[in-house]
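Notes follow the structure.
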Amino acid sequence: MALTASTADDTLPPVGSPVVRIVTFVRRNPTIVIGAALLLTLVAITLAAPWFAGDPFRQMPINRLRPPSARFWFGTDQFGRDVFSRTVYGARVSLIVGLTVSGLASLIGLAIGLACGYFKRIDGIIMRAMDGIMAIPSILLAIALITLTRPGLGIVVAAIVIPEVPRIVRVVRSVVLSIRAQPYVESAIAGGTRTGKLLARHILPNTLAPLIVQATYVCASAMLIEAGLSFLGAGVPPEIPSWGNIIAQGRTFFQIAPWTIFIPGAFLAVTVLAVNMLGDGLRDRLDPRLARRM
Amino acid sequence: MSVLLEVRDLQTHFFTSDGVVRAVDGVSFDLLRGEMLGIVGESGCGKSVTALSILRLIAPETGRIVGGSIRFGGRELITLSNEEMRGLRGHNISMVFQEPMTSLNPVLNVGTQIAESVVRHLRLPWRAAHDRAREMLELVKIPDPKQRLGEYPHQLSGGMRQRVMIAMALCCNPQVLIADEPTTALDVTIQAQILNLMLDLKEKLGTAIILITHDLGVVAETCERVFVMYAGRMVEQAPVASLFARPRHPYTRGLLRALPRADTVSDRTGARPRLTEIPGIVPALTRPMPGCPFVPRCGFAVERCRVSNPALTEAAASHLVACWETGRVAEAVA
């Protein structure tokens with residue numbers, strides 16, 4: 001009897017009260033729930049920062065390099081600035097970069113991928129161009145772009161988006177190629193459907209699941225690259241607290257004040273982990289076949 | 001009855017790395033208004049390519065209609081612009097494919113998929129198109145059509161999906177419906193239901209149907225006229241009764257002799273006579289064939305068959321056959 005109950009629990013759609021449903025969902029998709037919970041917490045903290053985090057720019061020379069305490073939760077840096085406050089504000093940069101990069105890369109990649117997969121004529125040329133772009137390291141591209149213009153968030157986003165686009169294009173294109181060969185697409189063509197409509201209604205919806213999954217990975221890698229760029233001084237301007245900047249500035253005093261590096265580093269690691277967990281969970285949920293193969 | 005679709009000397013070739021494949025090599029036929037025409041032949045003989053050519057659905061990367069003419073209601077389809085052709089597909093000529101399991105988009109509900117075509121071709125608003133979709137589901141005898149409209153393809157059985165496909169194909173009242181092996185993927189009882197449904201709808205709506213199949217039994221049951229294809233050419237064309245009673249091409253004769261029949265007389269021991277197969281395989285379509293393509297497998301072949309290809313000639317009343325030795329074949333059958 002216990003056996004029947006447990007199999008039913010795993011395979012049947014959840015029934016009963018909303019509480020039971022939520023519990024079942026959490027039990028079946030722990031990675032989605034943990035990843036999403038961590039990210040939502042971070043977003044909430046970031047949005048609420050002005051009300052509790054204090055001023056990230058206020059310098060208190062008296063309190064330089066203080067270790068974590070009840071007053072300064074994460075200690076202070078070499079100018080006496082509150083590391084807690086700076087870390088919380090730094091999350092903004094990471095989240096903005098992660099979201100805009102994955103959003104922009106998805107949109108551009110989706111458009112190019114649809115075109116490449118559907119119109120065989122342009123496929124060869126564009127895909128070779130994509131291979132070329134993929135070979136450009138984001139960090140070098142960012143340094144080059146920043147030497148040409150002024151450092152800023154926009155440049156950082158652009159520098160990360162460009163090399164990430166081909167990743168999305170490849171995923172979308174491969175899905176389009178396989179969907180295009182499906183009888184229902186042929187059937188839609190035989191029904192006189194126009195090309196635009198065919199792409200939008202019959203092909204695009206099928207690319208969304210793998211696209212969402214890929215977008216989460218792009219988001220995670222964008223956050224890491226942004227931190228790396230800021231650390232190298234090629235990212236967001238040093239006056240903006242971002243995790244990469246905080247780590248870069250704490251580097252000199254690393255041996256006497258390790259918290260200035262470890263805490264933003266830990267936040268970065270946990271955030272990227274959360275995004276990746278969400279991506280993995282979504283992949284398992286949206287494409288069960290792919291999950292089994294991996 | 002008037003001629004609705006007139007195909008003359010249609011040639012569709014595919015250009016592959018192994019050479020030119022003459023998938024359809026000079027096929028001519030007429031489709032009359034409201035008639036059910038069967039196209040039979042083994043796999044790879046060009047049945048489906050003929051159908052796809054009529055709708056101009058041959059992928060331009062691989063193949064092309066290189067010659068002939070397809071006239072529909074007086075209009076030449078081969079020279080029509082792509083946009084005009086798209087307006088015709090699904091509106092005047094529509095098609096039902098073999099695979100009901102994959103011919104519906106898994107991410108759209110059934111109602112939307114049917115209504116889409118109605119909106120596109122009849123220019124009705126969405127609400128009216130959905131009503132039309134419901135009527136169509138009723139027409140193809142799907143129980144509880146109102147609820148089914150909102151369902152997705154995976155919620156329907158194979159027979160049900162094929163009914164939806166037929167509903168989709170017929171929703172704009174096409175004059176011609178091309179059914180490419182519509183029952184091959186279904187089990188026998190469902191096959192019969194789908195065929196009866198198609199016959200029924202043909203009577204009700206007056207749609208002419210081209211039924212492509214490799215099942216002679218299906219043809220005998222449903223079609224009025226039938227033509228037999230072999231290696232991209234048409235070898236015999238006749239009214240169904242005439243073809244089954246007196247096949248005049250050795251290939252047709254071979255096909256019929258390979259068919260298990262319920263009406264064959266058993267001998268004293270009760271055993272049925274052995275079925276005979278056609279020896280050999282289909283010739284490669286990449287090499288040009290000066291003679292009759294069936295020569296290597298034909299028991300009646302003479303020297304003339306090897307050197308020159310017989311044209312389609314009338315051997316009996318409206319019974320066309322492309323064979324030099326048709327007289328001997330007919331005698332052998334009789």
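Starting from 1 in every chain, residues are counted up; chains themselves are A, B, ... following the order of the structure tokens, and ligands are numbered from 1 as listed.
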Please, which residues in chain B fall within 10 Å of chain A when counting only C-alpha atoms, and what is the closest atom pair and distance in Å to one decimal for each, ordered by chain then residue number, as a tab-separated table?
residue	atom	partner	partner_atom	distance
B:Leu52	CA	A:Ala190	CA	8.8
B:Leu55	CA	A:Ala190	CA	7.2
B:Arg56	CA	A:Ala190	CA	9.0
B:Leu57	CA	A:Ala190	CA	7.2
B:Glu61	CA	A:Lys120	CA	8.2
B:Glu83	CA	A:Arg194	CA	8.4
B:Glu84	CA	A:Gly192	CA	9.5
B:Met85	CA	A:Gly192	CA	7.6
B:Arg86	CA	A:Gly192	CA	4.3
B:Gly87	CA	A:Gly192	CA	5.8
B:Leu88	CA	A:Gly192	CA	6.8
B:Arg89	CA	A:Gly192	CA	4.5
B:Gly90	CA	A:Gly191	CA	3.8
B:His91	CA	A:Gly191	CA	7.3
B:Asn92	CA	A:Gly191	CA	9.7
B:Ile93	CA	A:Gly191	CA	8.6
B:Ser94	CA	A:Gly191	CA	6.3
B:Met95	CA	A:Ala190	CA	6.4
B:Val96	CA	A:Ser187	CA	7.6
B:Phe97	CA	A:Ser187	CA	7.2
B:Gln98	CA	A:Pro183	CA	8.9
B:Glu99	CA	A:Pro183	CA	7.3
B:Pro100	CA	A:Pro183	CA	8.8
B:Met101	CA	A:Pro183	CA	9.1
B:Thr102	CA	A:Pro183	CA	5.7
B:Ser103	CA	A:Tyr184	CA	3.8
B:Leu104	CA	A:Tyr184	CA	4.9
B:Asn105	CA	A:Tyr184	CA	5.5
B:Pro106	CA	A:Asn206	CA	8.6
B:Val107	CA	A:Pro205	CA	6.9
B:Leu108	CA	A:His202	CA	8.0
B:Gln113	CA	A:Ala188	CA	8.9
B:Ile114	CA	A:Gly191	CA	10.0
B:Glu116	CA	A:Thr193	CA	8.6
B:Ser117	CA	A:Gly191	CA	6.7
B:Val118	CA	A:Gly191	CA	9.9
B:Arg120	CA	A:Thr193	CA	7.4
B:His121	CA	A:Gly192	CA	8.2
B:Met165	CA	A:Ser187	CA	9.0
B:Met168	CA	A:Gly191	CA	8.4
B:Ala169	CA	A:Gly191	CA	7.3
B:Cys172	CA	A:Gly191	CA	9.9
With only C-alpha atoms as the counted atoms, please give the residues lying no more than 10 Å from A:Val33, apart from itself and same-chain residues fewer than 5 positions off, as an mmCIF file with N, CA and C atoms, in the first residue's frame.
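To be explicit, this is the file written out as selection-v8.cif:
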data_model
loop_
_atom_site.group_PDB
_atom_site.id
_atom_site.type_symbol
_atom_site.label_atom_id
_atom_site.label_comp_id
_atom_site.auth_asym_id
_atom_site.auth_seq_id
_atom_site.Cartn_x
_atom_site.Cartn_y
_atom_site.Cartn_z
ATOM 1 N N PHE A 25 5.437 20.296 -5.194
ATOM 2 C CA PHE A 25 6.287 20.985 -6.167
ATOM 3 C C PHE A 25 7.702 21.141 -5.616
ATOM 4 N N VAL A 26 7.804 21.552 -4.336
ATOM 5 C CA VAL A 26 9.117 21.743 -3.732
ATOM 6 C C VAL A 26 9.865 20.420 -3.700
ATOM 7 N N ARG A 27 9.149 19.332 -3.346
ATOM 8 C CA ARG A 27 9.828 18.038 -3.237
ATOM 9 C C ARG A 27 10.306 17.548 -4.590
ATOM 10 N N ARG A 28 9.525 17.858 -5.648
ATOM 11 C CA ARG A 28 9.917 17.353 -6.963
ATOM 12 C C ARG A 28 10.971 18.214 -7.627
ATOM 13 N N LEU A 38 16.839 31.825 -3.421
ATOM 14 C CA LEU A 38 18.056 32.617 -3.213
ATOM 15 C C LEU A 38 18.021 33.893 -4.043
ATOM 16 N N LEU A 39 17.625 33.757 -5.314
ATOM 17 C CA LEU A 39 17.608 34.925 -6.193
ATOM 18 C C LEU A 39 16.580 35.945 -5.734
ATOM 19 N N ALA A 274 23.037 30.059 -7.529
ATOM 20 C CA ALA A 274 21.570 30.089 -7.526
ATOM 21 C C ALA A 274 21.037 30.152 -8.955
ATOM 22 N N MET A 277 21.512 26.820 -10.562
ATOM 23 C CA MET A 277 20.574 25.819 -10.041
ATOM 24 C C MET A 277 19.202 26.016 -10.670
ATOM 25 N N LEU A 278 18.801 27.285 -10.753
ATOM 26 C CA LEU A 278 17.514 27.576 -11.379
ATOM 27 C C LEU A 278 17.516 27.078 -12.829
ATOM 28 N N GLY A 281 17.357 23.284 -12.903
ATOM 29 C CA GLY A 281 16.010 22.839 -12.525
ATOM 30 C C GLY A 281 15.035 23.060 -13.664
#
**OP:** Show which residues sit within 7 Å of stretch 25-41 of chain B, as a PyMOL selection string. Count only C-alpha atoms, and ignore same-chain residues fewer than 6 positions away.
**Re:** chain B and resi 1-12+47+202+206-214+219+223-230+232-234
Could you save those same residues with C-alpha atoms as an mmCIF file, in the first residue's frame?
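Once everything was written out, this is part19.cif:
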data_model
loop_
_atom_site.group_PDB
_atom_site.id
_atom_site.type_symbol
_atom_site.label_atom_id
_atom_site.label_comp_id
_atom_site.auth_asym_id
_atom_site.auth_seq_id
_atom_site.Cartn_x
_atom_site.Cartn_y
_atom_site.Cartn_z
ATOM 1 C CA MET B 1 -18.215 16.133 -65.102
ATOM 2 C CA SER B 2 -15.773 18.932 -65.583
ATOM 3 C CA VAL B 3 -12.043 18.687 -65.138
ATOM 4 C CA LEU B 4 -10.832 20.444 -62.005
ATOM 5 C CA LEU B 5 -7.145 19.687 -61.987
ATOM 6 C CA GLU B 6 -5.198 18.921 -65.098
ATOM 7 C CA VAL B 7 -1.654 17.590 -64.779
ATOM 8 C CA ARG B 8 0.344 17.228 -67.975
ATOM 9 C CA ASP B 9 3.746 15.614 -68.340
ATOM 10 C CA LEU B 10 4.822 16.638 -64.831
ATOM 11 C CA GLN B 11 8.511 16.197 -64.172
ATOM 12 C CA THR B 12 9.987 16.745 -60.731
ATOM 13 C CA LYS B 47 3.330 9.226 -55.350
ATOM 14 C CA LYS B 202 -16.787 13.900 -50.285
ATOM 15 C CA GLY B 206 -18.341 17.750 -53.135
ATOM 16 C CA THR B 207 -14.597 17.875 -52.578
ATOM 17 C CA ALA B 208 -12.494 15.977 -55.084
ATOM 18 C CA ILE B 209 -10.040 13.723 -53.296
ATOM 19 C CA ILE B 210 -6.689 12.396 -54.417
ATOM 20 C CA LEU B 211 -5.962 9.414 -52.221
ATOM 21 C CA ILE B 212 -2.354 8.308 -52.180
ATOM 22 C CA THR B 213 -1.830 4.861 -50.782
ATOM 23 C CA HIS B 214 0.035 1.617 -51.224
ATOM 24 C CA VAL B 219 -8.399 1.849 -53.333
ATOM 25 C CA CYS B 223 -11.896 5.227 -55.289
ATOM 26 C CA GLU B 224 -13.667 5.658 -58.595
ATOM 27 C CA ARG B 225 -10.546 5.842 -60.697
ATOM 28 C CA VAL B 226 -7.038 4.805 -59.905
ATOM 29 C CA PHE B 227 -3.645 5.207 -61.406
ATOM 30 C CA VAL B 228 -0.589 3.099 -60.806
ATOM 31 C CA MET B 229 2.859 4.617 -60.624
ATOM 32 C CA TYR B 230 6.177 2.898 -61.043
ATOM 33 C CA GLY B 232 8.256 8.021 -61.338
ATOM 34 C CA ARG B 233 6.063 7.156 -64.312
ATOM 35 C CA MET B 234 2.439 6.374 -64.681
#
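The space between atom CA of A:Met134 and atom CA of A:Gly235 spans 20.0 Å.
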Original post:
Looking at B:Thr313, B:Thr62, B:Thr276, B:Ser53, which one is nearest to B:Gly19, with distances taken over only C-alpha atoms?
Top reply: B:Thr62
Just list the residues in stretch 9-252 of chain A DSSP gives alpha helix (DSSP H) on the backbone, as a JSON list (two decimals) with C-alpha atoms, in the first residue's frame.
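Heads up, here's the output in result_4.json:
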[["chain", "number", "residue", "atom", "x", "y", "z"],
["A", 9, "ASP", "CA", 2.92, 10.70, -5.56],
["A", 10, "ASP", "CA", 5.70, 10.80, -8.14],
["A", 11, "THR", "CA", 3.82, 10.35, -11.36],
["A", 18, "PRO", "CA", -2.74, 24.44, -2.37],
["A", 19, "VAL", "CA", -0.43, 23.65, 0.55],
["A", 20, "VAL", "CA", -0.14, 20.03, -0.56],
["A", 21, "ARG", "CA", 0.54, 21.18, -4.11],
["A", 22, "ILE", "CA", 3.29, 23.54, -3.04],
["A", 23, "VAL", "CA", 4.90, 20.86, -0.90],
["A", 24, "THR", "CA", 4.79, 18.41, -3.81],
["A", 25, "PHE", "CA", 6.29, 20.99, -6.17],
["A", 26, "VAL", "CA", 9.12, 21.74, -3.73],
["A", 27, "ARG", "CA", 9.83, 18.04, -3.24],
["A", 28, "ARG", "CA", 9.92, 17.35, -6.96],
["A", 30, "PRO", "CA", 14.31, 21.23, -5.18],
["A", 31, "THR", "CA", 16.81, 22.99, -7.45],
["A", 32, "ILE", "CA", 14.26, 25.36, -8.94],
["A", 33, "VAL", "CA", 12.92, 26.25, -5.51],
["A", 34, "ILE", "CA", 16.31, 26.77, -3.87],
["A", 35, "GLY", "CA", 17.70, 28.73, -6.83],
["A", 36, "ALA", "CA", 14.61, 30.89, -7.15],
["A", 37, "ALA", "CA", 14.43, 31.48, -3.38],
["A", 38, "LEU", "CA", 18.06, 32.62, -3.21],
["A", 39, "LEU", "CA", 17.61, 34.93, -6.19],
["A", 40, "LEU", "CA", 14.35, 36.38, -4.91],
["A", 41, "THR", "CA", 15.96, 37.05, -1.55],
["A", 42, "LEU", "CA", 18.81, 38.83, -3.27],
["A", 43, "VAL", "CA", 16.43, 40.89, -5.38],
["A", 44, "ALA", "CA", 14.40, 41.79, -2.30],
["A", 45, "ILE", "CA", 17.52, 42.83, -0.38],
["A", 46, "THR", "CA", 18.71, 44.91, -3.32],
["A", 47, "LEU", "CA", 15.39, 46.69, -3.72],
["A", 48, "ALA", "CA", 15.08, 47.34, 0.00],
["A", 49, "ALA", "CA", 18.71, 48.44, 0.36],
["A", 50, "PRO", "CA", 18.04, 52.20, 0.86],
["A", 51, "TRP", "CA", 15.97, 51.48, 3.97],
["A", 52, "PHE", "CA", 18.37, 49.31, 5.94],
["A", 83, "VAL", "CA", 31.33, 46.38, 3.54],
["A", 84, "PHE", "CA", 27.78, 45.18, 4.23],
["A", 85, "SER", "CA", 26.29, 48.25, 2.65],
["A", 86, "ARG", "CA", 28.69, 48.08, -0.30],
["A", 87, "THR", "CA", 28.01, 44.38, -0.88],
["A", 88, "VAL", "CA", 24.26, 44.91, -0.84],
["A", 89, "TYR", "CA", 24.50, 47.78, -3.31],
["A", 90, "GLY", "CA", 26.98, 45.77, -5.36],
["A", 91, "ALA", "CA", 24.30, 43.14, -5.92],
["A", 92, "ARG", "CA", 22.45, 45.72, -8.01],
["A", 93, "VAL", "CA", 25.21, 45.85, -10.58],
["A", 94, "SER", "CA", 25.44, 42.06, -10.79],
["A", 95, "LEU", "CA", 21.69, 41.63, -11.12],
["A", 96, "ILE", "CA", 21.31, 44.41, -13.67],
["A", 97, "VAL", "CA", 24.19, 43.08, -15.75],
["A", 98, "GLY", "CA", 22.96, 39.48, -15.48],
["A", 99, "LEU", "CA", 19.39, 40.33, -16.46],
["A", 100, "THR", "CA", 20.10, 42.81, -19.23],
["A", 101, "VAL", "CA", 22.80, 40.64, -20.77],
["A", 102, "SER", "CA", 20.65, 37.53, -20.77],
["A", 103, "GLY", "CA", 17.64, 39.51, -22.00],
["A", 104, "LEU", "CA", 19.47, 41.27, -24.82],
["A", 105, "ALA", "CA", 21.47, 38.21, -25.84],
["A", 106, "SER", "CA", 18.26, 36.15, -25.90],
["A", 107, "LEU", "CA", 16.40, 38.64, -28.07],
["A", 108, "ILE", "CA", 19.22, 39.14, -30.55],
["A", 109, "GLY", "CA", 20.13, 35.46, -30.52],
["A", 110, "LEU", "CA", 16.52, 34.42, -31.00],
["A", 111, "ALA", "CA", 16.10, 36.64, -34.05],
["A", 112, "ILE", "CA", 19.36, 35.53, -35.66],
["A", 113, "GLY", "CA", 18.79, 31.89, -34.72],
["A", 114, "LEU", "CA", 15.29, 31.83, -36.22],
["A", 115, "ALA", "CA", 16.55, 33.40, -39.43],
["A", 116, "CYS", "CA", 19.53, 31.05, -39.68],
["A", 117, "GLY", "CA", 17.54, 27.93, -38.96],
["A", 118, "TYR", "CA", 14.75, 28.79, -41.34],
["A", 120, "LYS", "CA", 19.09, 28.07, -45.46],
["A", 121, "ARG", "CA", 20.54, 30.65, -47.81],
["A", 122, "ILE", "CA", 21.95, 32.87, -45.07],
["A", 123, "ASP", "CA", 22.66, 30.07, -42.63],
["A", 124, "GLY", "CA", 26.22, 29.29, -43.73],
["A", 125, "ILE", "CA", 27.46, 32.86, -43.76],
["A", 126, "ILE", "CA", 25.89, 33.92, -40.48],
["A", 127, "MET", "CA", 26.93, 30.80, -38.62],
["A", 128, "ARG", "CA", 30.56, 31.24, -39.68],
["A", 129, "ALA", "CA", 30.37, 34.84, -38.49],
["A", 130, "MET", "CA", 28.96, 33.57, -35.18],
["A", 131, "ASP", "CA", 31.86, 31.13, -34.85],
["A", 132, "GLY", "CA", 34.18, 34.08, -35.37],
["A", 133, "ILE", "CA", 32.46, 36.18, -32.70],
["A", 134, "MET", "CA", 32.55, 33.25, -30.29],
["A", 138, "SER", "CA", 34.74, 39.04, -23.54],
["A", 139, "ILE", "CA", 37.44, 40.51, -21.37],
["A", 140, "LEU", "CA", 39.62, 41.59, -24.29],
["A", 141, "LEU", "CA", 36.59, 42.95, -26.13],
["A", 142, "ALA", "CA", 35.54, 44.93, -23.06],
["A", 143, "ILE", "CA", 39.01, 46.38, -22.62],
["A", 144, "ALA", "CA", 39.07, 47.36, -26.28],
["A", 145, "LEU", "CA", 35.59, 48.94, -26.11],
["A", 146, "ILE", "CA", 36.45, 50.85, -22.97],
["A", 147, "THR", "CA", 39.66, 52.25, -24.41],
["A", 148, "LEU", "CA", 37.56, 53.50, -27.33],
["A", 153, "LEU", "CA", 27.54, 49.89, -17.37],
["A", 154, "GLY", "CA", 26.36, 50.08, -20.99],
["A", 155, "ILE", "CA", 29.78, 49.24, -22.38],
["A", 156, "VAL", "CA", 30.14, 46.34, -19.97],
["A", 157, "VAL", "CA", 26.75, 44.96, -21.03],
["A", 158, "ALA", "CA", 27.59, 45.35, -24.71],
["A", 159, "ALA", "CA", 30.99, 43.75, -24.26],
["A", 160, "ILE", "CA", 29.43, 40.71, -22.60],
["A", 161, "VAL", "CA", 26.38, 40.48, -24.89],
["A", 162, "ILE", "CA", 28.40, 40.30, -28.11],
["A", 163, "PRO", "CA", 30.29, 37.08, -27.34],
["A", 164, "GLU", "CA", 27.24, 35.50, -25.66],
["A", 165, "VAL", "CA", 24.91, 35.96, -28.63],
["A", 166, "PRO", "CA", 26.38, 33.06, -30.66],
["A", 167, "ARG", "CA", 25.66, 30.64, -27.80],
["A", 168, "ILE", "CA", 21.98, 31.52, -27.96],
["A", 169, "VAL", "CA", 22.01, 31.49, -31.77],
["A", 170, "ARG", "CA", 23.38, 27.95, -31.83],
["A", 171, "VAL", "CA", 20.74, 26.64, -29.45],
["A", 172, "VAL", "CA", 17.85, 28.38, -31.22],
["A", 173, "ARG", "CA", 19.09, 27.40, -34.66],
["A", 174, "SER", "CA", 19.41, 23.74, -33.76],
["A", 175, "VAL", "CA", 15.87, 23.70, -32.40],
["A", 176, "VAL", "CA", 14.54, 25.49, -35.49],
["A", 177, "LEU", "CA", 16.29, 23.01, -37.77],
["A", 178, "SER", "CA", 14.64, 20.08, -36.04],
["A", 179, "ILE", "CA", 11.21, 21.73, -35.76],
["A", 180, "ARG", "CA", 11.29, 22.82, -39.39],
["A", 183, "PRO", "CA", 5.34, 17.29, -40.29],
["A", 184, "TYR", "CA", 3.22, 19.94, -38.59],
["A", 185, "VAL", "CA", 5.38, 22.66, -40.05],
["A", 186, "GLU", "CA", 5.06, 21.11, -43.49],
["A", 187, "SER", "CA", 1.38, 20.78, -42.82],
["A", 188, "ALA", "CA", 1.14, 24.46, -41.89],
["A", 189, "ILE", "CA", 2.95, 25.39, -45.11],
["A", 190, "ALA", "CA", 0.55, 23.17, -47.02],
["A", 195, "THR", "CA", 6.40, 32.68, -43.43],
["A", 196, "GLY", "CA", 6.24, 35.29, -40.66],
["A", 197, "LYS", "CA", 3.27, 33.65, -39.04],
["A", 204, "LEU", "CA", 9.12, 30.14, -32.04],
["A", 205, "PRO", "CA", 7.09, 28.60, -29.17],
["A", 206, "ASN", "CA", 9.09, 25.39, -29.46],
["A", 207, "THR", "CA", 12.38, 27.24, -29.02],
["A", 208, "LEU", "CA", 11.33, 28.96, -25.80],
["A", 209, "ALA", "CA", 12.09, 26.16, -23.33],
["A", 210, "PRO", "CA", 15.71, 25.62, -24.39],
["A", 211, "LEU", "CA", 16.08, 29.39, -24.81],
["A", 212, "ILE", "CA", 15.04, 30.08, -21.21],
["A", 213, "VAL", "CA", 17.47, 27.47, -19.95],
["A", 214, "GLN", "CA", 20.29, 28.86, -22.04],
["A", 215, "ALA", "CA", 19.44, 32.40, -20.90],
["A", 216, "THR", "CA", 19.99, 31.43, -17.26],
["A", 217, "TYR", "CA", 23.44, 30.11, -18.09],
["A", 218, "VAL", "CA", 24.22, 33.30, -19.97],
["A", 219, "CYS", "CA", 23.00, 35.28, -16.95],
["A", 220, "ALA", "CA", 25.34, 33.38, -14.62],
["A", 221, "SER", "CA", 28.31, 33.73, -16.90],
["A", 222, "ALA", "CA", 27.56, 37.45, -17.45],
["A", 223, "MET", "CA", 27.68, 38.04, -13.68],
["A", 224, "LEU", "CA", 31.04, 36.30, -13.45],
["A", 225, "ILE", "CA", 32.49, 38.15, -16.43],
["A", 226, "GLU", "CA", 31.27, 41.50, -15.08],
["A", 227, "ALA", "CA", 32.94, 40.80, -11.73],
["A", 228, "GLY", "CA", 36.12, 39.82, -13.55],
["A", 229, "LEU", "CA", 36.04, 42.96, -15.69],
["A", 230, "SER", "CA", 35.44, 45.21, -12.69],
["A", 231, "PHE", "CA", 38.22, 43.47, -10.80],
["A", 232, "LEU", "CA", 40.58, 44.22, -13.67],
["A", 243, "TRP", "CA", 31.37, 43.00, -6.29],
["A", 244, "GLY", "CA", 34.32, 43.02, -8.66],
["A", 245, "ASN", "CA", 35.27, 46.57, -7.65],
["A", 246, "ILE", "CA", 34.98, 45.81, -3.92],
["A", 247, "ILE", "CA", 37.23, 42.77, -4.30],
["A", 248, "ALA", "CA", 39.71, 44.76, -6.39],
["A", 249, "GLN", "CA", 39.91, 47.54, -3.81],
["A", 250, "GLY", "CA", 40.19, 45.12, -0.89]]
Subject >> Residue among A:Ala70, A:Ala234, A:Ile136, A:Leu282 lying closest to A:Pro151, counting only C-alpha atoms >> reply: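 Counting only C-alpha atoms, the residue closest to A:Pro151 is A:Ala234.
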**OP:** Could you tell me, as a PyMOL selection string, which residues of stretch 21-222 of chain B DSSP assigns to strand (DSSP E) when given the backbone?
**Re:** chain B and resi 21-32+36-40+63-72+75-76+93-96+176-180+208-213
**OP:** Choose the residue, out of B:Asp131, B:Val110, B:Ala238, B:Leu205, that has the smallest atom-to-atom separation from B:Met160; count only C-alpha atoms.
**Re:**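 The shortest atom-to-atom distance to B:Met160 comes from B:Val110.
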